[in-house]
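Have a look at the structure below, then the notes.
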Amino acid sequence: MKLVWDLVVVGAGPAGAATALGALTENPSLSVLLLDRDDFPRDKACGDGIAPHVLDLLASVGVTGLLTDRTPVRRLALRRGDLEVARDMARPAWVVPRKVFDQRLVEAARAAGAHLLRHRVRTIDVRRDAVQVDHLAAAVVVGADGANSVVRRSVGGPKSQAGPVALAIRGYAPTPPQRAARQEIVFGLGRQPSYAWSFDRGDGLSNVGYGEQLLPSRPHPTRRDLLDRLEELLPGAGEGGTDWRGHHLPLSSWSWRPRGGRVLLAGDAAGLINPMTGEGIYYAVATGLLAGLAAGGALRSGDAGTAYRRTAGRLLGRHLRHTALTAQLCRSGHVLDRGIRASAASQEVFDDLVEIGLANGHITPRLVRALL
């Protein structure tokens, strides 16, 4: 294993693998190293939802057919109390365990020319002409190492995400007939923002769980609390469940401005998780690709961050402001109820909510009228 690389990516999940793909698309001759503390395949706590927009992004760098053997899910149900809407989404989504999805994505990165090494990063030292990552050196480093990013801390960022944080628990349970072929979300009546979910994988099991935003004004829930609230909102959904895992989600806020220089952050490491839905795969793949493209195009100057800030701002700047505003509005039960009623009455409003919750959609005039 050589010691000097054009690009070292810390973390080989969706953000890291996408970074490698973006860089090698920009310049196939680059030497790219993916570092991860785990062997693949490995599990990650997640809702496992893959929006079609993620596959669009991957297709832009030549990765296609990744989920052709998986069952798409078109039906989405939203419920709060006695209010419910269940509609077909404009485009189907997929529910794929991260053990499967991440393995396939990292194999795509390796097929494109990236190298994968199991290694837990301890130190990062940014120098004038390179970045030292333990015993390795790189022209550019991308931190795609999750919510507790070592890379973020090494370049002066906070140890944990400074913005809002949610806590969730996820398991896999047999899919009952009434929840087959659909993704179902049930919002809490008391503690907002909170919801339980059941996402059918199409193989007899569903990804089920419950999450809520952590607030200073109330005690943090225990594992038992999370499971009890799942049962309260989705009775029986967790029956026979296994592989329960809790995880924190660093929710995105009003703005995000990547720093300049040789060290970039992508995905959860950058604090990018949709504050409305907890969705993070789209952000991970989108920012990973942009970070990789920026790294591949700016190795000579050493300032990949400037190009990354520009492209990421174009893609996500307005969207992040809109999701933050919508998430604030939806802390009100009355606003949530209006949104569900309006979605039941209008396919267009329903589609607008899906776009802003799963990808990079924006607040539309009809969505404003529905919520307010």
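Starting from 1 in every chain, residues are counted up; chains themselves are A, B, ... following the order of the structure tokens, and ligands are numbered from 1 as listed.
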Selection near A:Arg74, 6 Å with only C-alpha atoms, sequence-local residues under 2 positions removed, as a PDB file with N, CA, C and O atoms, in the first residue's frame:
```
ATOM      1  N   ASP A  88     -49.870   7.029  -4.112  1.00  0.00           N
ATOM      2  CA  ASP A  88     -48.693   6.610  -4.854  1.00  0.00           C
ATOM      3  C   ASP A  88     -47.785   7.814  -5.055  1.00  0.00           C
ATOM      4  O   ASP A  88     -48.252   8.915  -5.396  1.00  0.00           O
ATOM      5  N   MET A  89     -46.496   7.616  -4.835  1.00  0.00           N
ATOM      6  CA  MET A  89     -45.525   8.664  -5.133  1.00  0.00           C
ATOM      7  C   MET A  89     -45.332   8.773  -6.639  1.00  0.00           C
ATOM      8  O   MET A  89     -45.569   7.814  -7.372  1.00  0.00           O
ATOM      9  N   PRO A  92     -41.310   5.563  -7.693  1.00  0.00           N
ATOM     10  CA  PRO A  92     -41.149   4.650  -6.562  1.00  0.00           C
ATOM     11  C   PRO A  92     -39.810   4.843  -5.867  1.00  0.00           C
ATOM     12  O   PRO A  92     -38.844   5.349  -6.449  1.00  0.00           O
TER      13      PRO A  92
END
```
Within 10 Å of stretch 349-364 of chain A, which residues of stretch 62-160 of chain A come that close, and what is the closest atom pair and distance in Å for each? Count only C-alpha atoms and give it as JSON lines.
```
{"residue": "A:Leu76", "atom": "CA", "partner": "A:Val354", "partner_atom": "CA", "distance": 9.2}
{"residue": "A:Leu78", "atom": "CA", "partner": "A:Phe350", "partner_atom": "CA", "distance": 9.9}
{"residue": "A:Val85", "atom": "CA", "partner": "A:Phe350", "partner_atom": "CA", "distance": 8.8}
{"residue": "A:Ala86", "atom": "CA", "partner": "A:Phe350", "partner_atom": "CA", "distance": 9.5}
{"residue": "A:Arg87", "atom": "CA", "partner": "A:Phe350", "partner_atom": "CA", "distance": 7.9}
{"residue": "A:Asp88", "atom": "CA", "partner": "A:Asp351", "partner_atom": "CA", "distance": 9.2}
{"residue": "A:Met89", "atom": "CA", "partner": "A:Asp351", "partner_atom": "CA", "distance": 6.7}
{"residue": "A:Ala90", "atom": "CA", "partner": "A:Asp351", "partner_atom": "CA", "distance": 6.7}
{"residue": "A:Arg91", "atom": "CA", "partner": "A:Asp351", "partner_atom": "CA", "distance": 9.5}
{"residue": "A:Ala93", "atom": "CA", "partner": "A:Leu358", "partner_atom": "CA", "distance": 9.6}
```
How about saving the chosen residues, N, CA and C atoms kept, as a PDB file, in the first residue's frame?
```
ATOM      1  N   LEU A  76     -47.015   5.514  -0.274  1.00  0.00           N
ATOM      2  CA  LEU A  76     -46.583   6.188   0.950  1.00  0.00           C
ATOM      3  C   LEU A  76     -47.809   6.639   1.721  1.00  0.00           C
ATOM      4  N   LEU A  78     -49.131   8.684   5.235  1.00  0.00           N
ATOM      5  CA  LEU A  78     -48.824   9.611   6.315  1.00  0.00           C
ATOM      6  C   LEU A  78     -50.034   9.683   7.231  1.00  0.00           C
ATOM      7  N   VAL A  85     -53.354  10.124   4.908  1.00  0.00           N
ATOM      8  CA  VAL A  85     -53.323  10.167   3.456  1.00  0.00           C
ATOM      9  C   VAL A  85     -52.445   9.010   2.993  1.00  0.00           C
ATOM     10  N   ALA A  86     -52.891   8.297   1.987  1.00  0.00           N
ATOM     11  CA  ALA A  86     -52.101   7.217   1.389  1.00  0.00           C
ATOM     12  C   ALA A  86     -52.189   7.376  -0.122  1.00  0.00           C
ATOM     13  N   ARG A  87     -51.059   7.651  -0.745  1.00  0.00           N
ATOM     14  CA  ARG A  87     -51.024   7.890  -2.193  1.00  0.00           C
ATOM     15  C   ARG A  87     -49.797   7.224  -2.801  1.00  0.00           C
ATOM     16  N   ASP A  88     -49.870   7.029  -4.112  1.00  0.00           N
ATOM     17  CA  ASP A  88     -48.693   6.610  -4.854  1.00  0.00           C
ATOM     18  C   ASP A  88     -47.785   7.814  -5.055  1.00  0.00           C
ATOM     19  N   MET A  89     -46.496   7.616  -4.835  1.00  0.00           N
ATOM     20  CA  MET A  89     -45.525   8.664  -5.133  1.00  0.00           C
ATOM     21  C   MET A  89     -45.332   8.773  -6.639  1.00  0.00           C
ATOM     22  N   ALA A  90     -44.894   9.929  -7.082  1.00  0.00           N
ATOM     23  CA  ALA A  90     -44.688  10.134  -8.516  1.00  0.00           C
ATOM     24  C   ALA A  90     -43.693   9.127  -9.075  1.00  0.00           C
ATOM     25  N   ARG A  91     -42.681   8.772  -8.277  1.00  0.00           N
ATOM     26  CA  ARG A  91     -41.691   7.774  -8.661  1.00  0.00           C
ATOM     27  C   ARG A  91     -41.470   6.855  -7.465  1.00  0.00           C
ATOM     28  N   ALA A  93     -39.780   4.421  -4.604  1.00  0.00           N
ATOM     29  CA  ALA A  93     -38.550   4.399  -3.832  1.00  0.00           C
ATOM     30  C   ALA A  93     -38.183   2.943  -3.548  1.00  0.00           C
TER      31      ALA A  93
END
```
Which neighbours of A:Gly202 fall inside 9 Å, counting only C-alpha atoms, when residues of the same chain fewer than 5 positions from it are skipped, and could you give them as a list in words?
->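 So, after excluding close chain neighbours, the residues are Arg70, Thr71, Pro72, Val73, Trp94, Val95, Thr175, Ala180 and Ala181 of chain A.
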For the contact check between stretch 84-124 of chain A and stretch 2-12 of chain A, emit one row per residue of stretch 84-124 of chain A within 10 Å, containing the shortest atom pair and the distance in Å rounded to one decimal, counting only C-alpha atoms, chain then rising number order, as a Markdown table.
```
| residue | atom | partner | partner_atom | distance |
| --- | --- | --- | --- | --- |
| A:Asp102 | CA | A:Ala12 | CA | 8.0 |
| A:Gln103 | CA | A:Ala12 | CA | 9.2 |
| A:Leu105 | CA | A:Ala12 | CA | 8.9 |
| A:Val106 | CA | A:Ala12 | CA | 6.6 |
| A:Ala109 | CA | A:Ala12 | CA | 9.3 |
| A:Ala114 | CA | A:Leu7 | CA | 9.6 |
| A:His115 | CA | A:Val8 | CA | 9.6 |
| A:Leu116 | CA | A:Ala12 | CA | 8.0 |
| A:Leu117 | CA | A:Ala12 | CA | 9.4 |
| A:Arg118 | CA | A:Ala12 | CA | 9.5 |
| A:His119 | CA | A:Val10 | CA | 9.1 |
| A:Arg120 | CA | A:Val10 | CA | 8.8 |
| A:Val121 | CA | A:Val10 | CA | 7.5 |
```
Restricted to all heavy atoms, what would the selected residues look like written as a compact mmCIF listing (two decimals), in the first residue's frame?
```
# COMPACT_ATOMS: atom_id res chain seq x y z
N ASP A 102 -24.72 -0.27 0.91
CA ASP A 102 -23.37 0.26 1.06
C ASP A 102 -22.32 -0.66 0.43
O ASP A 102 -21.34 -0.20 -0.15
CB ASP A 102 -23.05 0.47 2.54
CG ASP A 102 -23.84 1.61 3.16
OD1 ASP A 102 -24.83 2.06 2.53
OD2 ASP A 102 -23.50 2.04 4.27
N GLN A 103 -22.54 -1.97 0.55
CA GLN A 103 -21.61 -2.92 -0.06
C GLN A 103 -21.59 -2.75 -1.58
O GLN A 103 -20.51 -2.72 -2.20
CB GLN A 103 -22.01 -4.35 0.31
CG GLN A 103 -21.26 -5.44 -0.43
CD GLN A 103 -19.82 -5.59 0.02
OE1 GLN A 103 -19.43 -5.06 1.06
NE2 GLN A 103 -19.03 -6.32 -0.74
N LEU A 105 -22.38 -0.11 -3.29
CA LEU A 105 -21.83 1.19 -3.67
C LEU A 105 -20.31 1.21 -3.54
O LEU A 105 -19.61 1.75 -4.41
CB LEU A 105 -22.47 2.28 -2.79
CG LEU A 105 -22.46 3.71 -3.31
CD1 LEU A 105 -23.03 3.77 -4.73
CD2 LEU A 105 -23.26 4.61 -2.38
N VAL A 106 -19.79 0.60 -2.49
CA VAL A 106 -18.34 0.58 -2.34
C VAL A 106 -17.70 -0.32 -3.41
O VAL A 106 -16.59 -0.03 -3.90
CB VAL A 106 -17.94 0.14 -0.91
CG1 VAL A 106 -17.96 -1.37 -0.74
CG2 VAL A 106 -16.57 0.69 -0.54
N ALA A 109 -17.37 1.78 -6.43
CA ALA A 109 -16.21 2.68 -6.31
C ALA A 109 -14.91 1.93 -6.60
O ALA A 109 -14.01 2.44 -7.27
CB ALA A 109 -16.18 3.31 -4.93
N ALA A 114 -11.01 2.93 -7.20
CA ALA A 114 -10.66 3.28 -5.83
C ALA A 114 -10.11 2.05 -5.09
O ALA A 114 -10.47 0.91 -5.39
CB ALA A 114 -11.89 3.83 -5.10
N HIS A 115 -9.28 2.31 -4.11
CA HIS A 115 -8.75 1.26 -3.23
C HIS A 115 -9.44 1.37 -1.88
O HIS A 115 -9.72 2.47 -1.39
CB HIS A 115 -7.24 1.41 -3.06
CG HIS A 115 -6.47 1.26 -4.33
ND1 HIS A 115 -5.88 0.08 -4.72
CD2 HIS A 115 -6.22 2.16 -5.32
CE1 HIS A 115 -5.29 0.25 -5.89
NE2 HIS A 115 -5.48 1.51 -6.28
N LEU A 116 -9.72 0.23 -1.25
CA LEU A 116 -10.39 0.18 0.04
C LEU A 116 -9.47 -0.44 1.07
O LEU A 116 -8.89 -1.50 0.83
CB LEU A 116 -11.69 -0.62 -0.06
CG LEU A 116 -12.47 -0.85 1.24
CD1 LEU A 116 -13.00 0.46 1.79
CD2 LEU A 116 -13.60 -1.85 1.01
N LEU A 117 -9.34 0.24 2.22
CA LEU A 117 -8.48 -0.27 3.29
C LEU A 117 -9.22 -0.11 4.62
O LEU A 117 -9.76 0.96 4.92
CB LEU A 117 -7.17 0.53 3.33
CG LEU A 117 -6.20 0.21 4.48
CD1 LEU A 117 -5.66 -1.21 4.35
CD2 LEU A 117 -5.07 1.24 4.52
N ARG A 118 -9.23 -1.20 5.40
CA ARG A 118 -9.77 -1.08 6.75
C ARG A 118 -8.74 -0.41 7.65
O ARG A 118 -7.63 -0.91 7.83
CB ARG A 118 -10.13 -2.45 7.32
CG ARG A 118 -10.76 -2.34 8.71
CD ARG A 118 -11.15 -3.68 9.27
NE ARG A 118 -11.77 -3.51 10.59
CZ ARG A 118 -12.19 -4.51 11.36
NH1 ARG A 118 -12.07 -5.77 10.93
NH2 ARG A 118 -12.73 -4.27 12.54
N HIS A 119 -9.14 0.74 8.20
CA HIS A 119 -8.21 1.50 9.04
C HIS A 119 -9.01 2.53 9.83
O HIS A 119 -9.86 3.24 9.29
CB HIS A 119 -7.17 2.22 8.18
CG HIS A 119 -6.25 3.10 8.96
ND1 HIS A 119 -5.24 2.60 9.75
CD2 HIS A 119 -6.21 4.46 9.09
CE1 HIS A 119 -4.59 3.61 10.32
NE2 HIS A 119 -5.17 4.75 9.94
N ARG A 120 -8.77 2.60 11.12
CA ARG A 120 -9.40 3.62 11.97
C ARG A 120 -8.47 4.83 12.05
O ARG A 120 -7.36 4.74 12.58
CB ARG A 120 -9.66 3.06 13.37
CG ARG A 120 -10.36 4.06 14.30
CD ARG A 120 -10.44 3.51 15.71
NE ARG A 120 -11.37 2.41 15.79
CZ ARG A 120 -12.68 2.55 16.07
NH1 ARG A 120 -13.18 3.76 16.30
NH2 ARG A 120 -13.46 1.49 16.15
N VAL A 121 -8.93 5.95 11.53
CA VAL A 121 -8.12 7.16 11.49
C VAL A 121 -8.03 7.77 12.89
O VAL A 121 -9.03 7.92 13.58
CB VAL A 121 -8.70 8.17 10.49
CG1 VAL A 121 -7.98 9.51 10.58
CG2 VAL A 121 -8.61 7.61 9.07
```
Which residues come within 10 Å of A:Tyr195, counting only C-alpha atoms, excluding same-chain residues fewer than 6 positions away, as a compact mmCIF listing (two decimals) with all heavy atoms, in the first residue's frame?
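Output below, filename result09.txt:
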```txt
# COMPACT_ATOMS: atom_id res chain seq x y z
N LEU A 78 -49.13 8.68 5.23
CA LEU A 78 -48.82 9.61 6.32
C LEU A 78 -50.03 9.68 7.23
O LEU A 78 -51.17 9.85 6.76
CB LEU A 78 -48.51 11.01 5.78
CG LEU A 78 -47.42 11.11 4.70
CD1 LEU A 78 -47.34 12.53 4.16
CD2 LEU A 78 -46.07 10.68 5.27
N ARG A 79 -49.80 9.59 8.54
CA ARG A 79 -50.93 9.59 9.47
C ARG A 79 -50.56 10.34 10.73
O ARG A 79 -49.43 10.31 11.19
CB ARG A 79 -51.33 8.14 9.79
CG ARG A 79 -52.46 8.00 10.78
CD ARG A 79 -53.12 6.63 10.64
NE ARG A 79 -52.20 5.51 10.71
CZ ARG A 79 -51.85 4.91 11.86
NH1 ARG A 79 -52.33 5.34 13.01
NH2 ARG A 79 -51.03 3.88 11.84
N ARG A 80 -51.55 11.00 11.29
CA ARG A 80 -51.43 11.61 12.61
C ARG A 80 -52.81 11.57 13.26
O ARG A 80 -53.75 12.20 12.77
CB ARG A 80 -50.92 13.05 12.54
CG ARG A 80 -50.71 13.68 13.93
CD ARG A 80 -50.05 15.05 13.82
NE ARG A 80 -49.75 15.57 15.14
CZ ARG A 80 -50.59 16.34 15.85
NH1 ARG A 80 -51.77 16.67 15.35
NH2 ARG A 80 -50.25 16.78 17.05
N ALA A 168 -33.06 8.03 17.27
CA ALA A 168 -34.00 7.05 16.69
C ALA A 168 -33.53 5.64 17.00
O ALA A 168 -32.37 5.41 17.33
CB ALA A 168 -34.11 7.25 15.18
N ILE A 185 -45.66 6.28 7.68
CA ILE A 185 -45.12 7.20 8.69
C ILE A 185 -46.28 7.68 9.54
O ILE A 185 -47.29 8.17 9.02
CB ILE A 185 -44.39 8.39 8.04
CG1 ILE A 185 -43.12 7.91 7.33
CG2 ILE A 185 -44.05 9.45 9.08
CD1 ILE A 185 -42.42 9.00 6.54
N VAL A 186 -46.14 7.55 10.87
CA VAL A 186 -47.17 8.00 11.80
C VAL A 186 -46.54 9.02 12.75
O VAL A 186 -45.62 8.70 13.51
CB VAL A 186 -47.76 6.82 12.61
CG1 VAL A 186 -48.86 7.33 13.55
CG2 VAL A 186 -48.31 5.76 11.67
N PHE A 187 -47.03 10.25 12.68
CA PHE A 187 -46.49 11.33 13.49
C PHE A 187 -47.06 11.27 14.91
O PHE A 187 -48.22 10.91 15.12
CB PHE A 187 -46.82 12.68 12.87
CG PHE A 187 -46.21 12.89 11.52
CD1 PHE A 187 -46.95 12.67 10.36
CD2 PHE A 187 -44.88 13.28 11.38
CE1 PHE A 187 -46.39 12.84 9.10
CE2 PHE A 187 -44.32 13.46 10.14
CZ PHE A 187 -45.07 13.23 8.99
N GLY A 188 -46.21 11.65 15.87
CA GLY A 188 -46.64 11.65 17.26
C GLY A 188 -47.67 12.74 17.53
O GLY A 188 -47.71 13.77 16.85
N LEU A 189 -48.47 12.53 18.54
CA LEU A 189 -49.49 13.51 18.92
C LEU A 189 -48.99 14.49 19.98
O LEU A 189 -49.46 15.62 20.05
CB LEU A 189 -50.74 12.80 19.44
CG LEU A 189 -51.56 12.04 18.39
CD1 LEU A 189 -52.65 11.21 19.06
CD2 LEU A 189 -52.18 13.01 17.39
N GLY A 209 -39.23 1.57 13.08
CA GLY A 209 -38.52 2.34 14.09
C GLY A 209 -39.30 3.55 14.54
O GLY A 209 -40.43 3.82 14.09
N TYR A 210 -38.66 4.27 15.43
CA TYR A 210 -39.24 5.51 15.97
C TYR A 210 -38.10 6.48 16.25
O TYR A 210 -37.02 6.08 16.70
CB TYR A 210 -40.01 5.23 17.27
CG TYR A 210 -40.39 6.50 18.01
CD1 TYR A 210 -41.57 7.18 17.70
CD2 TYR A 210 -39.56 7.02 19.00
CE1 TYR A 210 -41.91 8.34 18.36
CE2 TYR A 210 -39.91 8.20 19.67
CZ TYR A 210 -41.07 8.84 19.35
OH TYR A 210 -41.41 10.02 20.00
N GLY A 211 -38.36 7.78 15.98
CA GLY A 211 -37.35 8.79 16.28
C GLY A 211 -38.00 10.09 16.69
O GLY A 211 -39.16 10.38 16.35
N GLU A 212 -37.25 10.90 17.44
CA GLU A 212 -37.73 12.22 17.83
C GLU A 212 -36.55 13.16 18.01
O GLU A 212 -35.42 12.72 18.29
CB GLU A 212 -38.53 12.16 19.13
CG GLU A 212 -37.75 11.72 20.35
CD GLU A 212 -38.61 11.71 21.60
OE1 GLU A 212 -39.66 11.05 21.62
OE2 GLU A 212 -38.19 12.37 22.58
N GLN A 213 -36.81 14.44 17.83
CA GLN A 213 -35.76 15.43 18.02
C GLN A 213 -35.49 15.61 19.51
O GLN A 213 -36.42 15.64 20.32
CB GLN A 213 -36.16 16.78 17.40
CG GLN A 213 -35.03 17.81 17.44
CD GLN A 213 -35.38 19.07 16.70
OE1 GLN A 213 -36.14 19.05 15.73
NE2 GLN A 213 -34.84 20.20 17.13
N ARG A 229 -42.88 4.01 22.29
CA ARG A 229 -43.54 4.97 21.41
C ARG A 229 -43.75 4.40 20.01
O ARG A 229 -44.71 4.75 19.33
CB ARG A 229 -42.73 6.27 21.38
CG ARG A 229 -42.86 7.04 22.69
CD ARG A 229 -41.82 8.09 22.89
NE ARG A 229 -41.82 8.52 24.30
CZ ARG A 229 -40.83 9.14 24.90
NH1 ARG A 229 -39.73 9.44 24.22
NH2 ARG A 229 -40.91 9.47 26.18
N LEU A 230 -42.85 3.53 19.57
CA LEU A 230 -43.09 2.81 18.32
C LEU A 230 -44.36 1.98 18.43
O LEU A 230 -45.21 2.01 17.53
CB LEU A 230 -41.89 1.92 18.00
CG LEU A 230 -42.09 0.88 16.89
CD1 LEU A 230 -42.42 1.55 15.56
CD2 LEU A 230 -40.85 -0.01 16.76
N LEU A 233 -47.58 4.20 18.41
CA LEU A 233 -47.96 4.81 17.13
C LEU A 233 -48.23 3.77 16.04
O LEU A 233 -49.08 4.00 15.17
CB LEU A 233 -46.88 5.78 16.67
CG LEU A 233 -46.66 7.01 17.55
CD1 LEU A 233 -45.49 7.83 17.05
CD2 LEU A 233 -47.92 7.87 17.60
N LEU A 234 -47.50 2.67 16.09
CA LEU A 234 -47.67 1.61 15.09
C LEU A 234 -47.82 0.28 15.81
O LEU A 234 -46.87 -0.53 15.87
CB LEU A 234 -46.47 1.56 14.14
CG LEU A 234 -46.48 2.49 12.94
CD1 LEU A 234 -45.13 2.49 12.25
CD2 LEU A 234 -47.57 2.11 11.95
N THR A 277 -37.59 14.73 7.81
CA THR A 277 -37.81 13.30 7.64
C THR A 277 -36.70 12.43 8.23
O THR A 277 -36.90 11.22 8.38
CB THR A 277 -37.93 12.97 6.15
OG1 THR A 277 -36.70 13.36 5.49
CG2 THR A 277 -39.10 13.70 5.51
```
So which one's closest to A:Ser60, A:Arg259, A:Ala137, A:Leu289, A:Ala45? Using only C-alpha atoms, please.
->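 Residue with the minimum atom-to-atom distance to A:Ser60: A:Leu289.
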DSSP-assigned helix (DSSP H, G or I) members of stretch 129-357 of chain A, reported as a PyMOL selection string = chain A and resi 150-154+177-179+223-233+267-270+281-297+304-329+333-345+347-357
Enter the distance from atom CA of A:His247 to atom CA of A:Val141, in Å, rounded to one decimal.
->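 These atoms are spaced 25.7 Å apart.
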List the neighbours of A:Val151 out to 12 Å using only C-alpha atoms; skip same-chain residues closer than 3 positions along the sequence, and give me the result as a count of residues only.
-> 39
For the atom pair atom CA of A:Gly278 and atom CA of A:Glu239, what is the interatomic distance in Å to one decimal place?
->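 Straight-line distance from atom CA of A:Gly278 to atom CA of A:Glu239 works out to 23.3 Å.
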Please identify which residues in stretch 38-285 of chain A DSSP calls strand (DSSP E or B) from the backbone, and express them as a PyMOL selection string.
-> chain A and resi 49-50+72-80+83-95+115-118+124-126+131-133+136-143+165-174+182-187+194-200+205-213+242-250+263-265
Which is closer to A:Leu33 than all the others in A:Leu226, A:Ala295, A:Leu336, A:Ala138, using only C-alpha atoms?
->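 Among the listed residues, the smallest separation from A:Leu33 belongs to A:Ala138.
Taking atom CA of A:Gly16 and atom CA of A:Pro193 as the two end points, the separation is 29.4 Å.
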Who sits within 7 Å of stretch 248-251 of chain A, only C-alpha atoms, same chain under 5 positions skipped, as a list in words =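 The filter keeps Ala147, Gln161, Gly163, Pro164, Val165, Ala166, Leu167, Ala168, Asp268, Gly271, Leu272, Ile273, Asn274 and Pro275 of chain A.
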For those residues, write N, CA, C and O atoms to a file as a PDB file, in the first residue's frame.
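See selection-v4.pdb below for the written result:
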```pdb
ATOM      1  N   ALA A 147     -21.614  11.155  11.834  1.00  0.00           N
ATOM      2  CA  ALA A 147     -22.012  12.226  12.742  1.00  0.00           C
ATOM      3  C   ALA A 147     -20.912  12.593  13.733  1.00  0.00           C
ATOM      4  O   ALA A 147     -20.803  13.752  14.142  1.00  0.00           O
ATOM      5  N   GLN A 161     -22.329  17.255  16.493  1.00  0.00           N
ATOM      6  CA  GLN A 161     -23.042  18.215  15.679  1.00  0.00           C
ATOM      7  C   GLN A 161     -23.598  19.344  16.537  1.00  0.00           C
ATOM      8  O   GLN A 161     -24.243  19.126  17.553  1.00  0.00           O
ATOM      9  N   GLY A 163     -25.833  21.652  15.634  1.00  0.00           N
ATOM     10  CA  GLY A 163     -27.223  21.959  15.353  1.00  0.00           C
ATOM     11  C   GLY A 163     -28.172  20.989  16.027  1.00  0.00           C
ATOM     12  O   GLY A 163     -27.788  20.230  16.930  1.00  0.00           O
ATOM     13  N   PRO A 164     -29.428  20.973  15.599  1.00  0.00           N
ATOM     14  CA  PRO A 164     -30.404  20.063  16.195  1.00  0.00           C
ATOM     15  C   PRO A 164     -30.027  18.609  15.948  1.00  0.00           C
ATOM     16  O   PRO A 164     -29.434  18.270  14.932  1.00  0.00           O
ATOM     17  N   VAL A 165     -30.381  17.762  16.911  1.00  0.00           N
ATOM     18  CA  VAL A 165     -30.052  16.340  16.833  1.00  0.00           C
ATOM     19  C   VAL A 165     -31.296  15.535  17.174  1.00  0.00           C
ATOM     20  O   VAL A 165     -32.056  15.890  18.086  1.00  0.00           O
ATOM     21  N   ALA A 166     -31.512  14.458  16.438  1.00  0.00           N
ATOM     22  CA  ALA A 166     -32.608  13.534  16.736  1.00  0.00           C
ATOM     23  C   ALA A 166     -32.021  12.206  17.203  1.00  0.00           C
ATOM     24  O   ALA A 166     -30.855  11.897  16.938  1.00  0.00           O
ATOM     25  N   LEU A 167     -32.853  11.435  17.896  1.00  0.00           N
ATOM     26  CA  LEU A 167     -32.471  10.099  18.346  1.00  0.00           C
ATOM     27  C   LEU A 167     -33.516   9.117  17.841  1.00  0.00           C
ATOM     28  O   LEU A 167     -34.720   9.373  17.966  1.00  0.00           O
ATOM     29  N   ALA A 168     -33.060   8.025  17.268  1.00  0.00           N
ATOM     30  CA  ALA A 168     -34.000   7.054  16.690  1.00  0.00           C
ATOM     31  C   ALA A 168     -33.528   5.641  17.003  1.00  0.00           C
ATOM     32  O   ALA A 168     -32.368   5.406  17.326  1.00  0.00           O
ATOM     33  N   ASP A 268     -23.302  12.952   6.624  1.00  0.00           N
ATOM     34  CA  ASP A 268     -23.522  13.145   8.059  1.00  0.00           C
ATOM     35  C   ASP A 268     -22.381  13.930   8.709  1.00  0.00           C
ATOM     36  O   ASP A 268     -22.605  14.676   9.671  1.00  0.00           O
ATOM     37  N   GLY A 271     -23.133  17.346   8.860  1.00  0.00           N
ATOM     38  CA  GLY A 271     -24.392  17.682   9.524  1.00  0.00           C
ATOM     39  C   GLY A 271     -25.557  17.786   8.574  1.00  0.00           C
ATOM     40  O   GLY A 271     -26.442  18.626   8.759  1.00  0.00           O
ATOM     41  N   LEU A 272     -25.584  16.927   7.570  1.00  0.00           N
ATOM     42  CA  LEU A 272     -26.606  17.022   6.533  1.00  0.00           C
ATOM     43  C   LEU A 272     -27.571  15.847   6.616  1.00  0.00           C
ATOM     44  O   LEU A 272     -27.360  14.790   6.024  1.00  0.00           O
ATOM     45  N   ILE A 273     -28.647  16.039   7.378  1.00  0.00           N
ATOM     46  CA  ILE A 273     -29.760  15.097   7.436  1.00  0.00           C
ATOM     47  C   ILE A 273     -31.038  15.925   7.426  1.00  0.00           C
ATOM     48  O   ILE A 273     -31.146  16.927   8.145  1.00  0.00           O
ATOM     49  N   ASN A 274     -31.984  15.536   6.602  1.00  0.00           N
ATOM     50  CA  ASN A 274     -33.207  16.309   6.428  1.00  0.00           C
ATOM     51  C   ASN A 274     -33.931  16.454   7.770  1.00  0.00           C
ATOM     52  O   ASN A 274     -34.291  15.455   8.393  1.00  0.00           O
ATOM     53  N   PRO A 275     -34.166  17.691   8.252  1.00  0.00           N
ATOM     54  CA  PRO A 275     -34.787  17.877   9.562  1.00  0.00           C
ATOM     55  C   PRO A 275     -36.271  17.528   9.588  1.00  0.00           C
ATOM     56  O   PRO A 275     -36.848  17.385  10.668  1.00  0.00           O
TER      57      PRO A 275
END
```
